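Participant: Structure file protein.cif (mmCIF, C-alpha atoms (C1' of nucleotides)) right here:
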```cif
data_structure
loop_
_atom_site.label_atom_id
_atom_site.label_comp_id
_atom_site.auth_asym_id
_atom_site.auth_seq_id
_atom_site.Cartn_x
_atom_site.Cartn_y
_atom_site.Cartn_z
CA MET U 1 35.96 -7.75 -8.62
CA ARG U 2 35.07 -11.38 -9.17
CA ARG U 3 33.90 -11.97 -12.67
CA GLU U 4 32.28 -15.38 -12.54
CA GLN U 5 28.54 -15.07 -12.63
CA VAL U 6 27.00 -17.59 -10.30
CA MET U 7 24.05 -18.94 -12.22
CA SER U 8 21.04 -18.84 -9.96
CA VAL U 9 19.35 -22.20 -9.47
CA ALA U 10 15.84 -22.43 -8.11
CA ILE U 11 14.64 -25.49 -6.23
CA GLY U 12 13.14 -28.27 -8.36
CA ARG U 13 9.72 -29.83 -7.94
CA GLU U 14 11.01 -33.15 -6.63
CA ASP U 15 13.44 -31.52 -4.21
CA PHE U 16 10.58 -29.43 -2.89
CA LYS U 17 8.46 -32.54 -2.31
CA LYS U 18 11.35 -34.18 -0.55
CA LEU U 19 11.92 -31.13 1.62
CA LEU U 20 8.26 -31.04 2.63
CA ARG U 21 8.34 -34.70 3.62
CA GLU U 22 11.53 -34.23 5.58
CA LYS U 23 9.89 -31.45 7.55
CA GLY U 24 6.79 -33.57 8.21
CA LEU U 25 4.68 -31.34 5.99
CA LYS U 26 2.22 -32.57 3.41
CA VAL U 27 2.67 -32.39 -0.31
CA THR U 28 -0.36 -30.65 -1.75
CA ARG U 29 -1.38 -29.52 -5.20
CA GLN U 30 -1.66 -25.96 -3.88
CA ARG U 31 1.87 -25.85 -2.53
CA LEU U 32 3.30 -27.23 -5.73
CA VAL U 33 1.50 -24.78 -7.95
CA VAL U 34 2.38 -21.72 -5.86
CA LEU U 35 6.05 -22.61 -5.97
CA GLU U 36 5.76 -23.33 -9.69
CA VAL U 37 4.32 -19.89 -10.41
CA LEU U 38 7.20 -18.26 -8.55
CA ALA U 39 9.77 -20.51 -10.20
CA GLU U 40 8.42 -19.73 -13.66
CA ASN U 41 8.81 -15.98 -13.12
CA PRO U 42 12.23 -15.73 -11.56
CA GLN U 43 12.84 -12.07 -12.34
CA GLU U 44 9.42 -10.75 -11.41
CA HIS U 45 8.41 -9.50 -7.99
CA LEU U 46 4.90 -10.77 -7.56
CA THR U 47 2.39 -9.60 -5.00
CA THR U 48 0.23 -12.18 -3.26
CA GLU U 49 -2.70 -11.10 -5.39
CA GLU U 50 -0.67 -11.57 -8.57
CA ILE U 51 0.43 -15.03 -7.47
CA TYR U 52 -3.20 -15.81 -6.69
CA GLU U 53 -4.33 -14.74 -10.16
CA ARG U 54 -1.73 -16.89 -11.90
CA VAL U 55 -2.36 -19.86 -9.65
CA LYS U 56 -6.08 -19.66 -10.35
CA ALA U 57 -5.44 -20.06 -14.08
CA GLU U 58 -4.33 -23.64 -13.50
CA ASN U 59 -6.29 -24.22 -10.35
CA PRO U 60 -9.50 -22.19 -10.13
CA ASP U 61 -10.53 -23.63 -6.79
CA ILE U 62 -7.61 -22.34 -4.78
CA GLY U 63 -8.35 -19.83 -2.01
CA LEU U 64 -6.51 -16.57 -1.44
CA ALA U 65 -5.78 -17.51 2.16
CA THR U 66 -3.94 -20.57 0.95
CA VAL U 67 -1.67 -18.43 -1.17
CA TYR U 68 -0.90 -16.28 1.85
CA ARG U 69 -0.23 -19.37 3.94
CA THR U 70 1.92 -21.02 1.31
CA VAL U 71 4.01 -17.94 0.70
CA GLN U 72 4.62 -17.74 4.43
CA LEU U 73 5.69 -21.38 4.43
CA LEU U 74 8.02 -20.94 1.48
CA LEU U 75 9.62 -18.00 3.25
CA GLU U 76 10.21 -20.08 6.36
CA LEU U 77 11.72 -22.83 4.22
CA GLU U 78 13.89 -20.12 2.67
CA LEU U 79 12.86 -21.05 -0.84
CA ILE U 80 11.68 -17.53 -1.69
CA ASP U 81 12.57 -13.98 -0.75
CA ARG U 82 10.33 -11.09 0.16
CA ILE U 83 10.91 -7.54 -1.00
CA ASN U 84 9.05 -4.50 0.20
CA LEU U 85 8.79 -1.63 -2.23
CA ASP U 86 6.71 0.52 0.15
CA ASP U 87 3.73 0.46 -2.16
CA GLY U 88 1.51 -1.40 0.27
CA PHE U 89 2.22 -4.86 -1.07
CA ALA U 90 4.61 -7.54 0.02
CA ARG U 91 6.31 -9.01 -3.02
CA TYR U 92 7.92 -12.39 -3.50
CA GLU U 93 10.51 -13.89 -5.77
CA ILE U 94 12.08 -17.31 -6.06
CA GLY U 95 15.37 -17.73 -4.26
CA ASP U 96 18.32 -19.73 -5.40
CA THR U 97 19.67 -22.80 -3.68
CA GLN U 98 23.22 -22.52 -4.90
CA GLU U 99 24.62 -20.76 -1.86
CA CYS U 100 24.93 -22.74 1.32
CA GLU U 101 23.93 -19.70 3.32
CA ARG U 102 20.75 -18.05 2.14
CA HIS U 103 20.88 -14.35 1.46
CA ARG U 104 18.40 -11.79 0.40
CA HIS U 105 18.44 -10.52 -3.15
CA HIS U 106 19.60 -6.99 -3.87
CA HIS U 107 17.60 -4.66 -6.00
CA LEU U 108 17.85 -1.81 -8.44
CA ILE U 109 14.79 0.40 -8.21
CA CYS U 110 14.27 2.95 -10.95
CA LEU U 111 12.82 6.14 -9.50
CA ARG U 112 11.39 7.09 -12.85
CA CYS U 113 9.71 3.98 -14.25
CA GLY U 114 9.57 2.00 -11.04
CA ARG U 115 11.09 -1.07 -12.60
CA VAL U 116 12.79 -3.36 -10.15
CA SER U 117 15.55 -5.76 -11.06
CA ALA U 118 17.99 -7.82 -9.08
CA PHE U 119 21.73 -7.73 -9.19
CA GLN U 120 24.39 -10.25 -8.36
CA LYS U 121 26.05 -10.21 -5.01
CA ASP U 122 29.52 -10.00 -6.45
CA MET U 123 28.76 -6.52 -7.71
CA LEU U 124 28.44 -5.29 -4.17
CA GLU U 125 32.16 -4.91 -3.94
CA ALA U 126 32.21 -2.09 -6.39
CA LEU U 127 28.70 -1.06 -5.46
CA GLU U 128 27.50 1.98 -7.30
CA THR U 129 30.23 2.50 -9.82
CA GLY U 130 30.18 -1.18 -10.74
CA VAL U 131 26.46 -1.21 -11.24
CA GLU U 132 26.58 1.89 -13.36
CA ALA U 133 29.37 0.62 -15.57
CA ALA U 134 27.94 -2.84 -16.03
CA LEU U 135 24.21 -2.21 -16.14
CA GLY U 136 23.86 1.43 -17.09
CA PHE U 137 21.89 2.08 -13.93
CA ARG U 138 22.67 5.54 -12.57
CA VAL U 139 22.55 5.31 -8.80
CA THR U 140 21.27 8.37 -6.95
CA ASP U 141 20.50 6.85 -3.58
CA HIS U 142 20.86 3.61 -1.74
CA GLU U 143 19.49 1.82 1.27
CA VAL U 144 21.42 -0.85 3.11
CA LYS U 145 20.18 -3.15 5.82
CA LEU U 146 22.65 -5.35 7.61
CA TYR U 147 21.15 -8.23 9.55
CA GLY U 148 23.04 -10.07 12.23
CA ILE U 149 23.78 -10.25 15.92
CA CYS U 150 24.57 -7.11 17.85
CA ARG U 151 27.38 -6.78 20.37
CA ASP U 152 25.08 -7.08 23.39
CA CYS U 153 23.48 -10.27 22.12
CA SER U 154 26.88 -11.73 21.24
CA GLU U 155 28.11 -11.11 24.77
CA LYS U 156 25.00 -12.56 26.40
CA GLU U 157 25.49 -15.66 24.29
CA ILE U 158 28.69 -16.64 26.13
CA MET I 159 38.16 4.21 5.26
CA ARG I 160 37.44 7.78 6.20
CA ARG I 161 37.67 8.31 9.92
CA GLU I 162 35.90 11.61 10.52
CA GLN I 163 32.47 11.05 11.94
CA VAL I 164 30.05 13.49 10.37
CA MET I 165 27.90 14.66 13.26
CA SER I 166 24.28 14.45 12.25
CA VAL I 167 22.38 17.72 12.53
CA ALA I 168 18.60 17.76 12.61
CA ILE I 169 16.62 20.75 11.44
CA GLY I 170 15.87 23.41 14.07
CA ARG I 171 12.45 24.74 15.02
CA GLU I 172 12.96 28.16 13.44
CA ASP I 173 14.37 26.72 10.23
CA PHE I 174 11.34 24.46 10.02
CA LYS I 175 8.99 27.41 10.39
CA LYS I 176 10.91 29.29 7.72
CA LEU I 177 10.78 26.28 5.40
CA LEU I 178 7.03 25.95 5.85
CA ARG I 179 6.50 29.62 5.02
CA GLU I 180 8.74 29.40 1.98
CA LYS I 181 6.64 26.54 0.69
CA GLY I 182 3.42 28.42 1.33
CA LEU I 183 2.43 26.03 4.10
CA LYS I 184 1.07 27.09 7.44
CA VAL I 185 2.91 26.89 10.72
CA THR I 186 0.75 24.94 13.13
CA ARG I 187 1.17 23.72 16.69
CA GLN I 188 0.63 20.16 15.45
CA ARG I 189 3.38 20.30 12.86
CA LEU I 190 5.84 21.76 15.31
CA VAL I 191 5.17 19.17 17.97
CA VAL I 192 5.36 16.19 15.61
CA LEU I 193 8.74 17.31 14.34
CA GLU I 194 9.83 17.98 17.92
CA VAL I 195 8.99 14.45 19.00
CA LEU I 196 11.04 13.04 16.15
CA ALA I 197 13.91 15.45 16.78
CA GLU I 198 14.02 14.55 20.47
CA ASN I 199 14.40 10.85 19.69
CA PRO I 200 16.97 10.84 16.94
CA GLN I 201 18.03 7.23 17.33
CA GLU I 202 14.62 5.68 17.72
CA HIS I 203 12.49 4.41 14.89
CA LEU I 204 8.98 5.44 15.84
CA THR I 205 5.77 4.13 14.38
CA THR I 206 2.96 6.57 13.67
CA GLU I 207 1.13 5.28 16.70
CA GLU I 208 4.18 5.86 18.92
CA ILE I 209 4.55 9.38 17.60
CA TYR I 210 0.86 9.93 18.27
CA GLU I 211 1.20 8.78 21.90
CA ARG I 212 4.12 11.08 22.58
CA VAL I 213 2.52 14.01 20.84
CA LYS I 214 -0.65 13.55 22.87
CA ALA I 215 1.33 13.98 26.09
CA GLU I 216 1.89 17.63 25.24
CA ASN I 217 -1.13 18.08 23.10
CA PRO I 218 -4.06 15.82 24.04
CA ASP I 219 -6.39 17.19 21.38
CA ILE I 220 -4.36 16.11 18.39
CA GLY I 221 -5.90 13.61 16.00
CA LEU I 222 -4.21 10.48 14.68
CA ALA I 223 -4.94 11.48 11.09
CA THR I 224 -2.99 14.68 11.62
CA VAL I 225 0.03 12.67 12.67
CA TYR I 226 -0.26 10.59 9.49
CA ARG I 227 -0.61 13.74 7.42
CA THR I 228 2.27 15.52 9.10
CA VAL I 229 4.62 12.58 8.80
CA GLN I 230 3.79 12.44 5.09
CA LEU I 231 4.55 16.15 4.81
CA LEU I 232 7.85 15.83 6.65
CA LEU I 233 8.83 13.02 4.30
CA GLU I 234 8.08 15.18 1.28
CA LEU I 235 10.11 18.01 2.78
CA GLU I 236 12.87 15.43 3.30
CA LEU I 237 13.18 16.26 6.97
CA ILE I 238 12.62 12.68 8.08
CA ASP I 239 13.29 9.17 6.75
CA ARG I 240 11.05 6.15 6.65
CA ILE I 241 12.23 2.65 7.42
CA ASN I 242 10.25 -0.51 6.93
CA LEU I 243 11.09 -3.40 9.22
CA ASP I 244 8.40 -5.67 7.75
CA ASP I 245 6.47 -5.78 11.00
CA GLY I 246 3.42 -4.08 9.58
CA PHE I 247 4.36 -0.57 10.67
CA ALA I 248 6.01 2.27 8.86
CA ARG I 249 8.66 3.82 11.08
CA TYR I 250 10.14 7.29 11.00
CA GLU I 251 13.31 8.93 12.18
CA ILE I 252 14.67 12.44 11.97
CA GLY I 253 16.99 13.08 9.04
CA ASP I 254 20.03 15.25 9.04
CA THR I 255 20.44 18.40 7.03
CA GLN I 256 24.20 18.30 6.79
CA GLU I 257 24.41 16.62 3.43
CA CYS I 258 23.43 18.64 0.42
CA GLU I 259 21.92 15.56 -1.16
CA ARG I 260 19.49 13.71 1.05
CA HIS I 261 20.09 10.02 1.51
CA ARG I 262 18.37 7.27 3.38
CA HIS I 263 19.84 6.04 6.61
CA HIS I 264 21.39 2.59 6.78
CA HIS I 265 20.48 0.16 9.48
CA LEU I 266 21.80 -2.66 11.59
CA ILE I 267 19.01 -5.05 12.49
CA CYS I 268 19.72 -7.60 15.20
CA LEU I 269 18.01 -10.87 14.36
CA ARG I 270 18.00 -11.88 18.00
CA CYS I 271 16.79 -8.87 19.96
CA GLY I 272 15.33 -6.93 17.07
CA ARG I 273 17.15 -3.77 17.98
CA VAL I 274 17.67 -1.41 15.08
CA SER I 275 20.43 1.14 14.93
CA ALA I 276 21.80 3.34 12.21
CA PHE I 277 25.32 3.47 10.92
CA GLN I 278 27.32 6.14 9.20
CA LYS I 279 27.55 6.19 5.48
CA ASP I 280 31.32 6.22 5.48
CA MET I 281 31.31 2.72 6.88
CA LEU I 282 29.76 1.42 3.70
CA GLU I 283 33.15 1.27 2.12
CA ALA I 284 34.25 -1.56 4.30
CA LEU I 285 30.71 -2.79 4.78
CA GLU I 286 30.47 -5.90 6.84
CA THR I 287 33.98 -6.26 8.17
CA GLY I 288 34.12 -2.60 9.08
CA VAL I 289 30.84 -2.75 10.95
CA GLU I 290 31.92 -5.83 12.81
CA ALA I 291 35.27 -4.38 13.82
CA ALA I 292 33.92 -1.01 14.85
CA LEU I 293 30.55 -1.84 16.33
CA GLY I 294 30.79 -5.48 17.30
CA PHE I 295 27.82 -6.26 15.11
CA ARG I 296 28.23 -9.68 13.51
CA VAL I 297 26.69 -9.47 10.06
CA THR I 298 25.00 -12.62 8.78
CA ASP I 299 22.91 -11.17 6.00
CA HIS I 300 22.35 -7.93 4.22
CA GLU I 301 19.86 -6.26 1.96
CA VAL I 302 20.80 -3.51 -0.44
CA LYS I 303 18.51 -1.33 -2.46
CA LEU I 304 20.00 0.99 -5.04
CA TYR I 305 17.71 3.74 -6.24
CA GLY I 306 18.33 5.62 -9.44
CA ILE I 307 17.60 5.80 -13.13
CA CYS I 308 17.79 2.68 -15.23
CA ARG I 309 19.45 2.47 -18.62
CA ASP I 310 16.20 2.60 -20.57
CA CYS I 311 15.00 5.70 -18.75
CA SER I 312 18.37 7.37 -19.21
CA GLU I 313 18.24 6.76 -22.95
CA LYS I 314 14.67 8.00 -23.30
CA GLU I 315 15.71 11.16 -21.51
CA ILE I 316 17.93 12.30 -24.38
"C1'" DT D 317 -7.40 -51.09 -0.63
"C1'" DT D 318 -9.45 -49.27 3.36
"C1'" DT D 319 -9.24 -46.71 7.53
"C1'" DA D 320 -8.14 -43.19 10.67
"C1'" DA D 321 -5.76 -39.19 12.50
"C1'" DG D 322 -4.18 -35.05 11.66
"C1'" DA D 323 -2.73 -31.49 8.53
"C1'" DT D 324 -4.46 -28.47 5.06
"C1'" DT D 325 -7.81 -25.99 2.60
"C1'" DG D 326 -11.66 -22.61 1.17
"C1'" DA D 327 -14.86 -19.19 2.33
"C1'" DG D 328 -15.95 -15.57 4.73
"C1'" DA D 329 -15.40 -12.90 8.91
"C1'" DA D 330 -12.17 -10.24 11.54
"C1'" DA D 331 -8.24 -7.48 12.48
"C1'" DT D 332 -5.47 -3.65 11.53
"C1'" DA D 333 -2.72 0.15 9.30
"C1'" DT D 334 -3.67 3.87 6.50
"C1'" DT D 335 -6.50 7.12 3.75
"C1'" DA D 336 -10.67 9.82 2.59
"C1'" DA D 337 -14.61 12.92 3.57
"C1'" DC D 338 -16.27 16.86 5.51
"C1'" DA D 339 -17.66 20.28 8.73
"C1'" DA D 340 -15.32 23.12 12.15
"C1'" DT D 341 -11.32 25.56 13.31
"C1'" DT D 342 -7.08 28.01 12.68
"C1'" DC D 343 -3.56 30.64 10.24
"C1'" DA D 344 -2.06 34.67 7.84
"C1'" DA D 345 -2.51 38.41 4.62
"C1'" DA D 346 -5.07 42.57 3.85
"C1'" DT P 347 -10.53 42.68 12.61
"C1'" DT P 348 -11.98 40.44 8.63
"C1'" DT P 349 -11.75 37.11 5.21
"C1'" DG P 350 -10.43 33.13 2.52
"C1'" DA P 351 -8.04 29.22 2.27
"C1'" DA P 352 -5.40 25.71 4.54
"C1'" DT P 353 -5.49 22.58 8.31
"C1'" DT P 354 -7.53 19.80 11.71
"C1'" DG P 355 -10.45 16.15 14.29
"C1'" DT P 356 -13.79 12.78 13.97
"C1'" DT P 357 -15.57 9.16 11.78
"C1'" DA P 358 -16.18 6.23 7.98
"C1'" DA P 359 -14.00 3.80 4.34
"C1'" DT P 360 -10.32 1.09 2.14
"C1'" DA P 361 -7.27 -2.58 1.62
"C1'" DT P 362 -3.94 -6.05 2.95
"C1'" DT P 363 -3.36 -9.76 5.78
"C1'" DT P 364 -4.79 -12.97 9.42
"C1'" DC P 365 -8.16 -15.83 11.79
"C1'" DT P 366 -11.94 -19.24 12.31
"C1'" DC P 367 -13.88 -23.48 11.47
"C1'" DA P 368 -16.09 -27.05 9.09
"C1'" DA P 369 -14.92 -29.86 5.10
"C1'" DT P 370 -11.39 -32.12 2.50
"C1'" DC P 371 -7.13 -34.17 1.54
"C1'" DT P 372 -2.63 -36.55 2.66
"C1'" DT P 373 -0.18 -40.12 4.63
"C1'" DA P 374 0.93 -44.01 7.21
"C1'" DA P 375 -0.81 -48.06 9.15
"C1'" DA P 376 -4.09 -51.88 9.11
#
```
I'd like the structure from this file rewritten - as structure tokens, please.
Facilitator:
Amino acid sequence: MRREQVMSVAIGREDFKKLLREKGLKVTRQRLVVLEVLAENPQEHLTTEEIYERVKAENPDIGLATVYRTVQLLLELELIDRINLDDGFARYEIGDTQECERHRHHHLICLRCGRVSAFQKDMLEALETGVEAALGFRVTDHEVKLYGICRDCSEKEI
Amino acid sequence: MRREQVMSVAIGREDFKKLLREKGLKVTRQRLVVLEVLAENPQEHLTTEEIYERVKAENPDIGLATVYRTVQLLLELELIDRINLDDGFARYEIGDTQECERHRHHHLICLRCGRVSAFQKDMLEALETGVEAALGFRVTDHEVKLYGICRDCSEKEI
DNA sequence: TTTAAGATTGAGAAATATTAACAATTCAAA
DNA sequence: TTTGAATTGTTAATATTTCTCAATCTTAAA
């Protein structure tokens, strides 16, 4: 098992502005503050409503629809990740820009208290036993989704 | 990597009736037909609406709410699994009764055609490379959720 | 700095999946 | 068969997310 912990690095404010300009998108107060809220709470998994509440603290005039639109935009720019805990809310968390290829975060979901935390990709190798030894999380079930290109699509591609 | 493929075995009609009676629940035409639809399409991932359409073919008088209620019941009885593909629908598939402990299914999601298929748990060991070699599915991303009891909850338990 | 074009926003309406309410029906034990 | 409780179907309600559109803001050019 690799031991180096890759420190997760969220995108900075200036890089975000630059990225928006590169994509021909406009830099707005609303976009900056939504990203800021997510960047300030890197280990939380905020619903749109929760983001809205926190954004309103600094910016009472913002509309809920704008939060929905901005979150959608940040997803497309791959600056944030979405996680679905099947409780009726989509949740969002800041991504990290360290990796050249973007990947989803992985999660530990406590069936008793409901707490959700993320774990580093390099623990995947030892999966459950590794997580239990390192984090004291006793795994009783898991769900894996692999995204990619299926055989049929690969063959059509040629 | 283990090579034996565990054949998945869905619950039979009579076993289902017996289970309902054991739990003090009533055996109804609606419950039987909803389970039957799911059992007849073991590799599909049906939305509630799709189940409703197929159920209506045999049983035109059934109500949509009953399908929602029955699917919920089947989940609680651990006879079916739910998968969320983030398209706004909850999807359901028949589970298998072979394993003594119930586990979620794992899924391959093609980013191009959207097709979703399940894969055997014993492939998890070799994860991405194994899936690619055996199924021709080129993995570009993955999402893992580990469910269990976190350290804090374990300690409180004592 | 001013202007102009187009993107973005805010407010509320609309869409949509799921749940709740409740009277009517059905199941199952006596 | 009777009886009581569980289940069902219909419809209304709920709640998250999207849509609409006029007003506002951003940005590049004048």
Participant: For the provided coordinates, the residues matched by the PyMOL selection byres ((chain I) within 12 of (chain P)) should be stated as a list in words.
Facilitator: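 For this structure, the PyMOL selection byres ((chain I) within 12 of (chain P)) captures Gly182, Leu183, Lys184, Val185, Thr186, Arg187, Gln188, Arg189, Pro218, Asp219, Ile220, Gly221, Leu222, Ala223, Thr224, Val225, Tyr226, Arg227, Thr228, Asp245 and Gly246 of chain I.
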Participant: Got a sec: who's within 8 Å of stretch 50-53 of chain U, counting all atoms listed in the file, leaving out chain neighbours fewer than 4 positions off, as a PyMOL selection string?
Facilitator: chain U and resi 34+37-38+46+57+64+67
Participant: Could you tell me which of I:His265, I:Lys214, I:Arg179, I:Arg309 comes closest to chain D if we count all atoms listed in the file?
Facilitator: I:Arg179
Participant: Taking the file as shown, what set of residues would the PyMOL selection byres ((chain D) within 9 of (chain U)) give back, as number ranges by chain?
Facilitator: D: 323-327
Participant: Work out how far atom CA of I:Arg296 is from atom CA of U:His105, in Å to one decimal.
Facilitator: 19.3 Å
Participant: For the atom pair atom CA of I:Leu232 and atom CA of I:Thr205, what is the interatomic distance in Å to one decimal place?
Facilitator: 14.2 Å
Participant: Quick one: pull the distance between atom CA of I:Leu235 and atom CA of U:His106, Å, one decimal.
Facilitator: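 Rounded to one decimal, the two atoms are 27.6 Å apart.
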Participant: When the PyMOL selection byres ((chain U and resi 94) around 7) is applied to the file above, which residues end up in the set, as a compact mmCIF listing (two decimals) with C-alpha atoms, keeping the file's coordinate frame?
Facilitator:
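The result, written out as result26.txt:
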```txt
# COMPACT_ATOMS: atom_id res chain seq x y z
CA ALA U 10 15.84 -22.43 -8.11
CA LEU U 38 7.20 -18.26 -8.55
CA ALA U 39 9.77 -20.51 -10.20
CA PRO U 42 12.23 -15.73 -11.56
CA LEU U 79 12.86 -21.05 -0.84
CA ILE U 80 11.68 -17.53 -1.69
CA ASP U 81 12.57 -13.98 -0.75
CA TYR U 92 7.92 -12.39 -3.50
CA GLU U 93 10.51 -13.89 -5.77
CA GLY U 95 15.37 -17.73 -4.26
CA ASP U 96 18.32 -19.73 -5.40
```
Participant: Using only C-alpha atoms (C1' of nucleotides), which protein or nucleic acid residues come within 7 Å of I:Val297? Drop anything in the same chain fewer than 6 positions from it, and give the result as number ranges by chain.
Facilitator: U: 146-149; I: 286, 290
